[in-house]
Amino acid sequence: MISIPSFKPLLLSAGIALGLTASLSGLAEDAAPTADQADDETIKVGVLHSLSGTMAISETTLKDTVLMLIEEQNEKGGVLGKQLEAVVVDPASDWPLFAEKARGLIEQEKVAAVFGCWTSVSRKSVLPVFEELNGLLFYPVQYEGEESSKNVFYTGAAPNQQAIPAVDYLKDELGVERWVLAGTDYVYPRTTNKILEAYLKQNGVAEEDIMINYTPFGHSDWQSIVADIKKFGSEGKKTAVVSTINGDANVPFYKELGNQGISAEDIPVIAFSVGEEELSGIDTGPLVGHLAAWNYFMSVPTDENDAFIETWHGFIDDPKRVTNDPMEAHKIGFDLWVQAVEKAGTTDTDAVENAIVGLTTSNLSGGTAKMLPNHHITKPVLIGEIQDDGQFAIVYQTEEEVPGDAWSDYLEGSKDLIGDWTDPINCGNYNIKTKKCLGSEQAATE
Amino acid sequence: MSPMSRFVFGGSDPALAMALGFLLLLMTATGAADNQSTDPASSPTAEFSASPATETAVASDAAPQSEPEPGPESASEPAPAPATASKPGSESDLTAAFDERVSQLTDNSFKVKEAAAQAIAETGDARAIPLLKALLSGDLYYRKDDDRIVYVAPAGSSGWALTDALSGEALGEVGRRDVRKITVNNRMRSALRTSIAALTLASPDPALRLRAAREMVGSDDPAVISAVRTQLAAEDDQQVTEVLTLVVAIADLKQPDIDSRLAAIEVLHGNLYPQARNALNGLLETEQDPGVLAATKAALDAIDRKRQLNSSIETLFFGLSLGSVLVLAAIGLAITFGVMGVINMAHGELIMIGAYTTYLVQQAMPGLTDWSLLVAVPAAFLVSGAFGVAIERTVIRFLYGRPLETLLATFGISLILQQLVRTTISAQNVVVQNPSWMSGSLQLNPGLALTYNRLYILLFALIVFALLLLVLKRTALGLQVRAVSQNRAMARAMGVRSARVDALTFGLGAGIAGVAGVALSQLTNVGPNMGQAYIIDSFMVVVFGGVGNLWGTLVAGMTLGVANKLMEPWAGAVLAKILVLVFIILFIQKRPRGLFPQRGRAAAD
């Protein structure tokens, strides 16, 4: 007879199953270690992007981008007369595994630089490894700021290159007076919203005109939150949603907005994590007219961009693939690294670090990207409206590039801090008032 | 704990009654409300292919406006259109002014464009409506070499045929790169809608008038208000009259004489339009007269009472709707886990397969999105059911009575199924379209709307539940299933082929999971990982409700849904979920067999 199992074994089993999920994902194999033909005739470049797991959708594209850039550079004759060789590893969307793989890249493969990471938590996880082993990391995604490491180059946007200009646009161009700050519950949205809240309050927005809401990863039941937003927005003042909602949760969110009859004209949503790649997998109907703020759009009308898209389509052999902001960031980071190596005449970490600050390269929107002493770059800020073909119609662009600010000016704890990795300061968190470098002390108290 | 379960029972009855009420409402309301609530922007056709369609729509829309009577403004002069009434000037002067305004639309600044669009609307020129509509829908372009404003239609393989927007003259074909779209932003779009609304307020079609009137609620532009007053006198449609009265009343709150303010407040008493409440709140701050002040307060109180009621109904609906999703996800598991005792970790993947079946059905019948779900439901049942039977025959039947091994095996199967979808279809999420009847919402009153997709899924969950109950209680298969699960040896002795029953039962549970996948594909992302999101919730609901009890699953799902939504406003979505989990842990400690434990011999281990 089948006995209906009692609950204790059931719960035990469920526990085992959950543990199993966690450990299995850790067992994922390296994707393509091309390590064996290691000879001194090549310079190795590490690619640290997840090729499996939840982040694979976004990160695989970046891996391909780096491979494309390397191929292109090799056709031009490589760097310092040597060919570049990609070492691709798969950290499988598993944060501790990022650190392990990073250690492998630097210690065993002896790569000259690493291009990789997507989420802030993966970057935080590899940071100690890069600092300990003195490696180089180019990080291509927008992030919450409040960090400047000697060994990391932040080619994505800091909050003052994305969030703050986006809020300014809503305030000045659309006349928004009430604000909903909605985000997924993790470090990037929380820090960004803290900065935005402080910024809005300094601009005279009252406490009751700001609504802050956090939801879990992959949240799909948006009914009551959207109803709250609707109520919040129906009190006479123009309202907008600033969304740091991550990935998958966006689709049901926008769908619910559409179903509850909230159009982009009533309550526009400006998103910091919705780009071309994310839009290509979904029905864009309910999103049309909503906004996104980035530093690059595929629809940017420049010759450089057309050429980049053409190369990309040729490399990936699929004319339907889109380009996006982090891809441009990798291209800029790669160009700057190549220039720095040529300038320094070596791939030695310290020499490249010293050489790269102040170098410039052209970005894809017709401007110039310059590596700043705080290891961030200058970027233009673009605001686009989502179209039904998954592209953005650009409605706003800053006149000139905005320099990336590692430490936000709007937070109590960080407004006096700067990052400057040039002599004589050479510090990631230098307090300009007390003229002291906080060093790792700051990291410990964080 | 027993008061708890009694409460739950008490709560479920009105819930059912309410659901039935919804059903009736739906039957009567869908037809009428559909075309109104469907957002024109929700059709996901590619931009280029969309333009000809909207183009013709614009043209045919405009036809009745411009054709029947040449020069509709001069004819309808006494009627509303807030045309800046006849400036003395010849026809050609006006045309020149119009043309000049139109040429400003090519400017780069949205502010200039917005002002130009406003001015175009105010000229009252017959060409204004089609032009503004095209501008609104993004179908207005200009030629790069001479800045001429044109409408475009695809011609040839990559060329576009141009029509001059001002003269209607055909300008031949050009390449796509030779014209540039006149972009509009959000703010401009909403201004355009109001302008178009003002121009269509006198339209013969009451539905158009209603939409126009709604756009004007809260407007304080004197030109608009006077147009509304004129229209109100001539209006014969009741709904439109209602909205127009509201527009006038909100404007009248600013009248200097006390009696008209009081009359306006009377109109706004208990009115649920948010603009009415805002206007009254505004009055509260500026009003000097105590009589008017008291009336304002009374009117606001009435509004707030109604809003309170609305928001309670809304919360209940949200809770039931979340509950219905939980029930749908869990109900298949209630069979495989609850009745058969198989810990099926691949349950979520069976849901996923159902969702992918919906996707494939939609791919197979392009253009018939509205009907695809009707095909997808039985298809998903069969496909997931077949997977279920296959899993049972090849793996699970060797593992009966060994829960740990079953758990591991089904967990492996879940990984295999995920990878199967990743390799055969795509690792990316796929796009499942929503049929038009699932979009939009049912407007019960100006402050309360229930979204159709949630409403249908709530109903659907109840129907699936009822059917399943019917199968288990009223069919021979159901009898055999219950017999085998209660006492296998005895059932076999009575001539029941237990192996076959096992396979069919598991197939039934899997099929129901597939059907749940069809419903979930309408609410959330369809991707290889989607099943993972539901497996925990499903087990939670089944265990909470009492293993082996279908009613328990229904009540548990609905209770958890409503509890979650009641807590969300003050605890936030993250904490609400945690609190629900903590509550269940405590509850299971106290009552390990859930809300409705099986009694008698069936419960014996």
# chains A, B, ... in the order shown; residues from 1 in each chain; ligands from 1
>>> residues_around(residues="Asp306 of chain A", least_positions_apart="4", cutoff="12 Å", atoms="only C-alpha atoms", output="ChimeraX atom specification")
/A:297-302,310-313,322-323,364-366
>>> residues_around(residues="Val402 of chain A", least_positions_apart="4", cutoff="7 Å", atoms="only C-alpha atoms", output="NGL selection string")
:A and (161 or 378-380)
>>> write_last_selection(atoms="N, CA and C atoms", output="JSON list (two decimals), in the first residue's frame")
[["chain", "number", "residue", "atom", "x", "y", "z"],
["A", 161, "GLN", "N", 25.35, 59.77, -13.50],
["A", 161, "GLN", "CA", 25.33, 59.69, -14.97],
["A", 161, "GLN", "C", 24.08, 59.01, -15.49],
["A", 378, "THR", "N", 33.80, 59.53, -18.56],
["A", 378, "THR", "CA", 32.80, 60.53, -18.91],
["A", 378, "THR", "C", 31.82, 59.91, -19.89],
["A", 379, "LYS", "N", 30.54, 60.22, -19.69],
["A", 379, "LYS", "CA", 29.50, 59.64, -20.53],
["A", 379, "LYS", "C", 28.41, 60.67, -20.78],
["A", 380, "PRO", "N", 27.79, 60.64, -21.97],
["A", 380, "PRO", "CA", 26.61, 61.46, -22.17],
["A", 380, "PRO", "C", 25.42, 60.74, -21.54]]
>>> residues_around(residues="segment 328-334 of chain A", least_positions_apart="5", cutoff="7 Å", atoms="only C-alpha atoms", output="ChimeraX atom specification")
/A:138,140,155-156,361,363
>>> closest_residue(among="A:Leu196, A:Ala206, A:Ala271, A:Ala293", to="Ser408 of chain A", atoms="only C-alpha atoms")
A:Leu196
>>> residues_around(residues="segment 193-195 of chain B", least_positions_apart="2", cutoff="9 Å", atoms="only C-alpha atoms", output="number ranges by chain")
B: 117-118, 121-122, 129, 132-133, 136, 188-191, 197-200, 212, 215-216
>>> closest_residue(among="B:Leu309, B:Leu408, B:Val431, B:Val580", to="Gly447 of chain B", atoms="only C-alpha atoms")
B:Leu309
>>> closest_residue(among="B:Ile351, B:Leu360, B:Ile343, B:Leu320", to="Ile396 of chain B", atoms="only C-alpha atoms")
B:Ile343
>>> select_by_dssp(residues="segment 188-295 of chain A", states="strand (DSSP E)", output="ChimeraX atom specification")
/A:210-215,239-244,269-271,291-294
>>> atom_distance(atom1="atom CA of His376 of chain A", atom2="atom CA of Pro403 of chain A")
7.5 Å
>>> closest_residue(among="B:Asp257, B:Ala476, B:Gln238, B:Leu550", to="Gln598 of chain B", atoms="only C-alpha atoms")
B:Leu550
>>> residues_around(residues="segment 296-300 of chain B", least_positions_apart="6", cutoff="7 Å", atoms="only C-alpha atoms", output="PyMOL selection string")
chain B and resi 265+268-270+277+280+284
>>> residues_around(residues="Asp423 of chain A", least_positions_apart="2", cutoff="12 Å", atoms="only C-alpha atoms", output="short mmCIF file (atom, residue, chain, number, x, y, z; two decimals) with N, CA and C atoms, in the first residue's frame")
data_model
loop_
_atom_site.label_atom_id
_atom_site.label_comp_id
_atom_site.auth_asym_id
_atom_site.auth_seq_id
_atom_site.Cartn_x
_atom_site.Cartn_y
_atom_site.Cartn_z
N GLU A 353 47.68 50.91 -15.17
CA GLU A 353 46.84 51.78 -14.33
C GLU A 353 47.29 53.23 -14.42
N ASN A 354 48.58 53.43 -14.37
CA ASN A 354 49.08 54.80 -14.45
C ASN A 354 48.87 55.39 -15.83
N VAL A 357 44.76 56.53 -17.00
CA VAL A 357 44.03 57.71 -16.55
C VAL A 357 44.32 58.88 -17.48
N PRO A 373 40.54 60.15 -13.01
CA PRO A 373 41.38 59.65 -11.92
C PRO A 373 40.64 58.72 -10.93
N ASN A 374 39.32 58.86 -10.84
CA ASN A 374 38.59 57.98 -9.92
C ASN A 374 38.19 56.66 -10.59
N GLY A 419 37.43 59.79 -5.20
CA GLY A 419 38.40 58.76 -5.54
C GLY A 419 39.43 59.42 -6.45
N ASP A 420 40.69 59.21 -6.22
CA ASP A 420 41.72 59.76 -7.10
C ASP A 420 42.93 58.83 -7.03
N TRP A 421 43.17 58.12 -8.13
CA TRP A 421 44.24 57.13 -8.12
C TRP A 421 45.51 57.66 -8.77
N ILE A 425 47.49 61.74 -4.32
CA ILE A 425 46.44 61.24 -3.42
C ILE A 425 46.43 59.71 -3.39
N ASN A 426 46.28 59.11 -4.59
CA ASN A 426 46.31 57.65 -4.68
C ASN A 426 45.41 56.94 -3.68
N CYS A 427 44.13 57.29 -3.73
CA CYS A 427 43.23 56.77 -2.71
C CYS A 427 41.82 56.68 -3.30
#
>>> atom_distance(atom1="atom CA of Leu566 of chain B", atom2="atom CA of Leu316 of chain B")
8.1 Å
>>> atom_distance(atom1="atom CA of Gly507 of chain B", atom2="atom CA of Ala390 of chain B")
8.3 Å
>>> closest_residue(among="A:Thr42, A:Gln387, A:Thr398, A:Thr368", to="Lys82 of chain A", atoms="only C-alpha atoms")
A:Thr42
>>> select_by_dssp(residues="segment 50-223 of chain A", states="alpha helix (DSSP H)", output="number ranges by chain")
A: 56-75, 95-103, 120-133, 163-173, 187-202, 223
>>> write_last_selection(atoms="C-alpha atoms", output="PDB file, in the first residue's frame")
ATOM      1  CA  ALA A  56      23.216  34.206 -18.574  1.00  0.00           C
ATOM      2  CA  ILE A  57      20.643  36.027 -20.708  1.00  0.00           C
ATOM      3  CA  SER A  58      22.344  39.365 -20.202  1.00  0.00           C
ATOM      4  CA  GLU A  59      25.945  38.303 -19.696  1.00  0.00           C
ATOM      5  CA  THR A  60      26.383  35.932 -22.633  1.00  0.00           C
ATOM      6  CA  THR A  61      26.020  38.910 -24.954  1.00  0.00           C
ATOM      7  CA  LEU A  62      28.846  40.684 -23.156  1.00  0.00           C
ATOM      8  CA  LYS A  63      31.099  37.644 -23.448  1.00  0.00           C
ATOM      9  CA  ASP A  64      30.461  37.680 -27.211  1.00  0.00           C
ATOM     10  CA  THR A  65      31.166  41.399 -27.303  1.00  0.00           C
ATOM     11  CA  VAL A  66      34.586  40.957 -25.727  1.00  0.00           C
ATOM     12  CA  LEU A  67      35.377  38.099 -28.102  1.00  0.00           C
ATOM     13  CA  MET A  68      34.394  40.330 -31.009  1.00  0.00           C
ATOM     14  CA  LEU A  69      36.586  43.177 -29.777  1.00  0.00           C
ATOM     15  CA  ILE A  70      39.530  40.815 -29.344  1.00  0.00           C
ATOM     16  CA  GLU A  71      39.057  39.381 -32.830  1.00  0.00           C
ATOM     17  CA  GLU A  72      38.896  42.875 -34.274  1.00  0.00           C
ATOM     18  CA  GLN A  73      42.053  43.931 -32.435  1.00  0.00           C
ATOM     19  CA  ASN A  74      43.913  40.820 -33.585  1.00  0.00           C
ATOM     20  CA  GLU A  75      43.025  41.610 -37.187  1.00  0.00           C
ATOM     21  CA  TRP A  95      28.485  35.000  -6.575  1.00  0.00           C
ATOM     22  CA  PRO A  96      31.132  33.059  -4.610  1.00  0.00           C
ATOM     23  CA  LEU A  97      32.065  31.261  -7.810  1.00  0.00           C
ATOM     24  CA  PHE A  98      32.884  34.648  -9.358  1.00  0.00           C
ATOM     25  CA  ALA A  99      35.637  35.100  -6.784  1.00  0.00           C
ATOM     26  CA  GLU A 100      36.980  31.600  -7.369  1.00  0.00           C
ATOM     27  CA  LYS A 101      37.027  32.021 -11.144  1.00  0.00           C
ATOM     28  CA  ALA A 102      38.630  35.452 -10.844  1.00  0.00           C
ATOM     29  CA  ARG A 103      41.412  33.949  -8.717  1.00  0.00           C
ATOM     30  CA  SER A 120      26.942  44.665  -7.968  1.00  0.00           C
ATOM     31  CA  VAL A 121      27.035  41.628  -5.727  1.00  0.00           C
ATOM     32  CA  SER A 122      29.293  39.777  -8.169  1.00  0.00           C
ATOM     33  CA  ARG A 123      31.601  42.788  -8.337  1.00  0.00           C
ATOM     34  CA  LYS A 124      31.730  43.057  -4.546  1.00  0.00           C
ATOM     35  CA  SER A 125      32.546  39.376  -4.445  1.00  0.00           C
ATOM     36  CA  VAL A 126      35.560  39.587  -6.783  1.00  0.00           C
ATOM     37  CA  LEU A 127      36.827  42.944  -5.481  1.00  0.00           C
ATOM     38  CA  PRO A 128      39.015  41.521  -2.678  1.00  0.00           C
ATOM     39  CA  VAL A 129      40.541  39.039  -5.134  1.00  0.00           C
ATOM     40  CA  PHE A 130      41.535  41.732  -7.622  1.00  0.00           C
ATOM     41  CA  GLU A 131      42.940  43.907  -4.844  1.00  0.00           C
ATOM     42  CA  GLU A 132      44.878  41.051  -3.261  1.00  0.00           C
ATOM     43  CA  LEU A 133      46.375  39.747  -6.511  1.00  0.00           C
ATOM     44  CA  ALA A 163      19.603  58.395 -12.126  1.00  0.00           C
ATOM     45  CA  ILE A 164      20.074  62.080 -11.346  1.00  0.00           C
ATOM     46  CA  PRO A 165      19.810  63.327 -14.974  1.00  0.00           C
ATOM     47  CA  ALA A 166      16.736  61.106 -15.445  1.00  0.00           C
ATOM     48  CA  VAL A 167      15.042  62.740 -12.473  1.00  0.00           C
ATOM     49  CA  ASP A 168      16.035  66.163 -13.790  1.00  0.00           C
ATOM     50  CA  TYR A 169      14.403  65.365 -17.114  1.00  0.00           C
ATOM     51  CA  LEU A 170      11.142  64.329 -15.455  1.00  0.00           C
ATOM     52  CA  LYS A 171      11.199  67.380 -13.225  1.00  0.00           C
ATOM     53  CA  ASP A 172      12.035  69.968 -15.862  1.00  0.00           C
ATOM     54  CA  GLU A 173      10.557  68.598 -19.079  1.00  0.00           C
ATOM     55  CA  VAL A 187      21.900  46.854  -3.029  1.00  0.00           C
ATOM     56  CA  TYR A 188      21.739  48.776  -6.326  1.00  0.00           C
ATOM     57  CA  PRO A 189      18.108  49.963  -6.046  1.00  0.00           C
ATOM     58  CA  ARG A 190      18.413  50.642  -2.328  1.00  0.00           C
ATOM     59  CA  THR A 191      21.504  52.831  -2.673  1.00  0.00           C
ATOM     60  CA  THR A 192      20.239  54.547  -5.822  1.00  0.00           C
ATOM     61  CA  ASN A 193      16.920  55.332  -4.167  1.00  0.00           C
ATOM     62  CA  LYS A 194      18.694  56.655  -1.088  1.00  0.00           C
ATOM     63  CA  ILE A 195      20.643  59.029  -3.313  1.00  0.00           C
ATOM     64  CA  LEU A 196      17.531  60.037  -5.262  1.00  0.00           C
ATOM     65  CA  GLU A 197      15.515  60.612  -2.117  1.00  0.00           C
ATOM     66  CA  ALA A 198      18.211  62.905  -0.733  1.00  0.00           C
ATOM     67  CA  TYR A 199      18.463  64.681  -4.090  1.00  0.00           C
ATOM     68  CA  LEU A 200      14.708  65.211  -4.377  1.00  0.00           C
ATOM     69  CA  LYS A 201      14.447  66.518  -0.830  1.00  0.00           C
ATOM     70  CA  GLN A 202      17.249  68.991  -1.511  1.00  0.00           C
ATOM     71  CA  GLN A 223      -1.896  44.423  -8.490  1.00  0.00           C
TER      72      GLN A 223
END
>>> residues_around(residues="Ile512 of chain B", least_positions_apart="5", cutoff="12 Å", atoms="only C-alpha atoms", output="mmCIF file with N, CA and C atoms, in the first residue's frame")
data_model
loop_
_atom_site.group_PDB
_atom_site.id
_atom_site.type_symbol
_atom_site.label_atom_id
_atom_site.label_comp_id
_atom_site.auth_asym_id
_atom_site.auth_seq_id
_atom_site.Cartn_x
_atom_site.Cartn_y
_atom_site.Cartn_z
ATOM 1 N N VAL B 327 -3.911 28.677 -6.077
ATOM 2 C CA VAL B 327 -4.730 27.467 -6.174
ATOM 3 C C VAL B 327 -4.451 26.757 -7.487
ATOM 4 N N LEU B 328 -4.400 27.536 -8.577
ATOM 5 C CA LEU B 328 -4.141 26.921 -9.882
ATOM 6 C C LEU B 328 -2.813 26.185 -9.885
ATOM 7 N N ALA B 329 -1.792 26.856 -9.327
ATOM 8 C CA ALA B 329 -0.466 26.235 -9.329
ATOM 9 C C ALA B 329 -0.458 24.988 -8.449
ATOM 10 N N ALA B 330 -1.222 25.025 -7.358
ATOM 11 C CA ALA B 330 -1.126 23.957 -6.368
ATOM 12 C C ALA B 330 -2.056 22.792 -6.648
ATOM 13 N N ILE B 331 -3.078 23.027 -7.443
ATOM 14 C CA ILE B 331 -4.149 22.053 -7.496
ATOM 15 C C ILE B 331 -3.709 20.748 -8.171
ATOM 16 N N GLY B 332 -2.804 20.873 -9.134
ATOM 17 C CA GLY B 332 -2.268 19.658 -9.745
ATOM 18 C C GLY B 332 -1.442 18.884 -8.734
ATOM 19 N N LEU B 333 -0.709 19.653 -7.915
ATOM 20 C CA LEU B 333 0.116 19.027 -6.894
ATOM 21 C C LEU B 333 -0.755 18.383 -5.825
ATOM 22 N N ALA B 334 -1.937 18.956 -5.610
ATOM 23 C CA ALA B 334 -2.841 18.374 -4.631
ATOM 24 C C ALA B 334 -3.197 16.950 -5.051
ATOM 25 N N ILE B 335 -3.164 16.677 -6.343
ATOM 26 C CA ILE B 335 -3.430 15.317 -6.806
ATOM 27 C C ILE B 335 -2.183 14.450 -6.658
ATOM 28 N N THR B 336 -1.055 14.897 -7.270
ATOM 29 C CA THR B 336 0.117 14.021 -7.280
ATOM 30 C C THR B 336 0.699 13.867 -5.879
ATOM 31 N N HIS B 347 6.908 19.412 -10.581
ATOM 32 C CA HIS B 347 5.584 20.000 -10.783
ATOM 33 C C HIS B 347 5.663 21.358 -11.480
ATOM 34 N N GLY B 348 6.595 22.190 -11.023
ATOM 35 C CA GLY B 348 6.748 23.514 -11.626
ATOM 36 C C GLY B 348 7.060 23.410 -13.110
ATOM 37 N N LEU B 350 6.112 21.062 -15.105
ATOM 38 C CA LEU B 350 4.901 20.684 -15.843
ATOM 39 C C LEU B 350 4.055 21.924 -16.114
ATOM 40 N N ILE B 351 4.055 22.850 -15.149
ATOM 41 C CA ILE B 351 3.377 24.139 -15.375
ATOM 42 C C ILE B 351 4.050 24.864 -16.539
ATOM 43 N N MET B 352 5.384 24.849 -16.496
ATOM 44 C CA MET B 352 6.138 25.526 -17.551
ATOM 45 C C MET B 352 5.813 24.941 -18.926
ATOM 46 N N ILE B 353 5.708 23.598 -18.976
ATOM 47 C CA ILE B 353 5.400 22.973 -20.259
ATOM 48 C C ILE B 353 4.032 23.437 -20.757
ATOM 49 N N GLY B 354 3.081 23.585 -19.836
ATOM 50 C CA GLY B 354 1.775 24.112 -20.214
ATOM 51 C C GLY B 354 1.892 25.505 -20.807
ATOM 52 N N ALA B 355 2.734 26.342 -20.175
ATOM 53 C CA ALA B 355 2.900 27.710 -20.662
ATOM 54 C C ALA B 355 3.554 27.710 -22.049
ATOM 55 N N VAL B 377 -5.783 25.494 -23.831
ATOM 56 C CA VAL B 377 -6.151 24.813 -22.579
ATOM 57 C C VAL B 377 -6.185 23.291 -22.764
ATOM 58 N N PRO B 378 -6.982 22.771 -23.703
ATOM 59 C CA PRO B 378 -6.930 21.314 -23.876
ATOM 60 C C PRO B 378 -5.559 20.819 -24.348
ATOM 61 N N ALA B 379 -4.900 21.606 -25.210
ATOM 62 C CA ALA B 379 -3.590 21.171 -25.703
ATOM 63 C C ALA B 379 -2.605 21.034 -24.551
ATOM 64 N N ALA B 380 -2.595 22.039 -23.672
ATOM 65 C CA ALA B 380 -1.661 22.005 -22.544
ATOM 66 C C ALA B 380 -1.988 20.842 -21.619
ATOM 67 N N PHE B 381 -3.285 20.583 -21.440
ATOM 68 C CA PHE B 381 -3.677 19.460 -20.588
ATOM 69 C C PHE B 381 -3.112 18.161 -21.154
ATOM 70 N N LEU B 382 -3.258 18.000 -22.455
ATOM 71 C CA LEU B 382 -2.800 16.751 -23.072
ATOM 72 C C LEU B 382 -1.274 16.634 -23.048
ATOM 73 N N VAL B 383 -0.598 17.735 -23.415
ATOM 74 C CA VAL B 383 0.867 17.670 -23.487
ATOM 75 C C VAL B 383 1.468 17.415 -22.107
ATOM 76 N N SER B 384 1.078 18.245 -21.130
ATOM 77 C CA SER B 384 1.617 18.060 -19.785
ATOM 78 C C SER B 384 1.187 16.707 -19.226
ATOM 79 N N GLY B 385 -0.059 16.324 -19.508
ATOM 80 C CA GLY B 385 -0.554 15.033 -19.039
ATOM 81 C C GLY B 385 0.296 13.905 -19.612
ATOM 82 N N ALA B 386 0.638 14.002 -20.890
ATOM 83 C CA ALA B 386 1.451 12.966 -21.522
ATOM 84 C C ALA B 386 2.836 12.907 -20.874
ATOM 85 N N PHE B 387 3.416 14.087 -20.615
ATOM 86 C CA PHE B 387 4.697 14.118 -19.903
ATOM 87 C C PHE B 387 4.545 13.432 -18.544
ATOM 88 N N GLY B 388 3.422 13.740 -17.869
ATOM 89 C CA GLY B 388 3.180 13.173 -16.548
ATOM 90 C C GLY B 388 3.129 11.657 -16.595
ATOM 91 N N PHE B 460 -11.465 31.017 -13.936
ATOM 92 C CA PHE B 460 -10.874 29.832 -14.510
ATOM 93 C C PHE B 460 -10.425 28.868 -13.413
ATOM 94 N N ALA B 461 -9.812 29.422 -12.356
ATOM 95 C CA ALA B 461 -9.344 28.584 -11.253
ATOM 96 C C ALA B 461 -10.524 27.860 -10.628
ATOM 97 N N ILE B 463 -13.385 27.145 -12.012
ATOM 98 C CA ILE B 463 -13.932 26.144 -12.931
ATOM 99 C C ILE B 463 -13.064 24.883 -12.918
ATOM 100 N N VAL B 464 -11.743 25.079 -12.993
ATOM 101 C CA VAL B 464 -10.846 23.926 -12.972
ATOM 102 C C VAL B 464 -11.048 23.136 -11.693
ATOM 103 N N PHE B 465 -11.156 23.862 -10.592
ATOM 104 C CA PHE B 465 -11.362 23.197 -9.308
ATOM 105 C C PHE B 465 -12.648 22.374 -9.327
ATOM 106 N N LEU B 467 -14.315 21.186 -11.879
ATOM 107 C CA LEU B 467 -14.209 20.044 -12.785
ATOM 108 C C LEU B 467 -13.413 18.908 -12.145
ATOM 109 N N LEU B 468 -12.330 19.283 -11.491
ATOM 110 C CA LEU B 468 -11.482 18.272 -10.883
ATOM 111 C C LEU B 468 -12.239 17.531 -9.785
ATOM 112 N N THR B 505 -3.724 8.859 -12.723
ATOM 113 C CA THR B 505 -3.812 9.897 -11.690
ATOM 114 C C THR B 505 -2.677 10.885 -11.840
ATOM 115 N N PHE B 506 -1.480 10.353 -12.006
ATOM 116 C CA PHE B 506 -0.331 11.252 -12.151
ATOM 117 C C PHE B 506 -0.499 12.110 -13.406
ATOM 118 N N GLY B 507 -0.995 11.481 -14.463
ATOM 119 C CA GLY B 507 -1.243 12.224 -15.698
ATOM 120 C C GLY B 507 -2.267 13.327 -15.483
ATOM 121 N N GLY B 517 -0.425 26.355 -16.296
ATOM 122 C CA GLY B 517 0.593 27.054 -17.075
ATOM 123 C C GLY B 517 -0.015 27.984 -18.117
ATOM 124 N N VAL B 518 -1.129 27.572 -18.708
ATOM 125 C CA VAL B 518 -1.799 28.436 -19.689
ATOM 126 C C VAL B 518 -2.223 29.737 -19.013
ATOM 127 N N ALA B 519 -2.812 29.605 -17.824
ATOM 128 C CA ALA B 519 -3.267 30.804 -17.119
ATOM 129 C C ALA B 519 -2.076 31.668 -16.712
#
>>> closest_residue(among="B:Val562, B:Met567, B:Ala466, B:Ala97", to="Phe318 of chain B", atoms="only C-alpha atoms")
B:Val562
>>> decode(residues="segment 117-133 of chain A", atoms="C-alpha atoms", output="PDB file, in the first residue's frame")
ATOM      1  CA  CYS A 117      30.711  40.933 -13.854  1.00  0.00           C
ATOM      2  CA  TRP A 118      27.209  42.279 -14.161  1.00  0.00           C
ATOM      3  CA  THR A 119      25.529  42.582 -10.785  1.00  0.00           C
ATOM      4  CA  SER A 120      26.942  44.665  -7.968  1.00  0.00           C
ATOM      5  CA  VAL A 121      27.035  41.628  -5.727  1.00  0.00           C
ATOM      6  CA  SER A 122      29.293  39.777  -8.169  1.00  0.00           C
ATOM      7  CA  ARG A 123      31.601  42.788  -8.337  1.00  0.00           C
ATOM      8  CA  LYS A 124      31.730  43.057  -4.546  1.00  0.00           C
ATOM      9  CA  SER A 125      32.546  39.376  -4.445  1.00  0.00           C
ATOM     10  CA  VAL A 126      35.560  39.587  -6.783  1.00  0.00           C
ATOM     11  CA  LEU A 127      36.827  42.944  -5.481  1.00  0.00           C
ATOM     12  CA  PRO A 128      39.015  41.521  -2.678  1.00  0.00           C
ATOM     13  CA  VAL A 129      40.541  39.039  -5.134  1.00  0.00           C
ATOM     14  CA  PHE A 130      41.535  41.732  -7.622  1.00  0.00           C
ATOM     15  CA  GLU A 131      42.940  43.907  -4.844  1.00  0.00           C
ATOM     16  CA  GLU A 132      44.878  41.051  -3.261  1.00  0.00           C
ATOM     17  CA  LEU A 133      46.375  39.747  -6.511  1.00  0.00           C
TER      18      LEU A 133
END
